Amino acid sequence: MAKDRIQIDGVWYIREHIAQKPIELDPTEFEGIVVEDDKFCFEATRILRDYGGYYDDINIKFTDKRIKPWKEENWDNNIWMKGVLNNEPVSFEELPDMGSDGIRFLQAFLQLLTDKDWL
């Protein structure tokens, strides 16, 4: 109990503890898959629903490591992603310049996501 009392100028006081309201957080849980090489990084994430399961839409963060500082883009259009996987010309119009090796790497990643039933 001595630690709950303080003395100021010879007078003893009971220390008051001011209760702080806890910070309420509303976290968003997700899972992710990342593939990368020395030129590119692709990171796919999908968000967990509050009531279980995952949302159908995914997000891909693309990092072009050939450029200093690295250039990053976020892609969130599943229809466009499927178009890139299926070699649809209109989907390729929106791709950044990554050369044929980069496109093959991206398509392999999109196929992985499809095989895992993410896309």
# chains A, B, ... in the order shown; residues from 1 in each chain; ligands from 1
call {"tool": "residues_around", "arguments": {"residues": "Glu29 of chain A", "least_positions_apart": "6", "cutoff": "9 Å", "atoms": "only C-alpha atoms", "output": "ChimeraX atom specification"}}
result
/A:46-50
call {"tool": "residues_around", "arguments": {"residues": "Val84 of chain A", "least_positions_apart": "5", "cutoff": "12 Å", "atoms": "only C-alpha atoms", "output": "list in words"}}
result
Trp75, Asn77, Asn78, Ile79, Pro89, Val90, Ser91, Phe92, Glu93, Glu94, Leu95, Pro96, Ile103, Arg104, Phe105, Leu106, Gln107, Ala108, Phe109, Leu110, Gln111 and Leu119 of chain A
call {"tool": "closest_atom_pairs", "arguments": {"of": "segment 6-107 of chain A", "to": "segment 113-116 of chain A", "cutoff": "12 Å", "atoms": "only C-alpha atoms", "output": "JSON lines"}}
result
{"residue": "A:Gly32", "atom": "CA", "partner": "A:Leu113", "partner_atom": "CA", "distance": 10.4}
{"residue": "A:Ile33", "atom": "CA", "partner": "A:Leu113", "partner_atom": "CA", "distance": 8.5}
{"residue": "A:Val34", "atom": "CA", "partner": "A:Leu113", "partner_atom": "CA", "distance": 10.5}
{"residue": "A:Val35", "atom": "CA", "partner": "A:Leu113", "partner_atom": "CA", "distance": 11.1}
{"residue": "A:Phe42", "atom": "CA", "partner": "A:Leu113", "partner_atom": "CA", "distance": 11.3}
{"residue": "A:Glu43", "atom": "CA", "partner": "A:Leu113", "partner_atom": "CA", "distance": 10.8}
{"residue": "A:Ala44", "atom": "CA", "partner": "A:Leu113", "partner_atom": "CA", "distance": 8.3}
{"residue": "A:Thr45", "atom": "CA", "partner": "A:Leu113", "partner_atom": "CA", "distance": 10.3}
{"residue": "A:Arg46", "atom": "CA", "partner": "A:Leu113", "partner_atom": "CA", "distance": 10.9}
{"residue": "A:Asp56", "atom": "CA", "partner": "A:Thr114", "partner_atom": "CA", "distance": 11.9}
{"residue": "A:Asp57", "atom": "CA", "partner": "A:Leu113", "partner_atom": "CA", "distance": 11.7}
{"residue": "A:Ile58", "atom": "CA", "partner": "A:Leu113", "partner_atom": "CA", "distance": 9.7}
{"residue": "A:Asn59", "atom": "CA", "partner": "A:Leu113", "partner_atom": "CA", "distance": 11.3}
{"residue": "A:Ile60", "atom": "CA", "partner": "A:Leu113", "partner_atom": "CA", "distance": 10.7}
{"residue": "A:Asn78", "atom": "CA", "partner": "A:Thr114", "partner_atom": "CA", "distance": 10.7}
{"residue": "A:Met81", "atom": "CA", "partner": "A:Thr114", "partner_atom": "CA", "distance": 10.2}
{"residue": "A:Lys82", "atom": "CA", "partner": "A:Thr114", "partner_atom": "CA", "distance": 8.8}
{"residue": "A:Leu85", "atom": "CA", "partner": "A:Thr114", "partner_atom": "CA", "distance": 9.4}
{"residue": "A:Asn86", "atom": "CA", "partner": "A:Thr114", "partner_atom": "CA", "distance": 11.5}
{"residue": "A:Leu106", "atom": "CA", "partner": "A:Leu113", "partner_atom": "CA", "distance": 10.6}
{"residue": "A:Gln107", "atom": "CA", "partner": "A:Leu113", "partner_atom": "CA", "distance": 9.7}
call {"tool": "select_by_dssp", "arguments": {"residues": "chain A", "states": "alpha helix (DSSP H)", "output": "PyMOL selection string"}}
result
chain A and resi 78-85+89-92+99-115
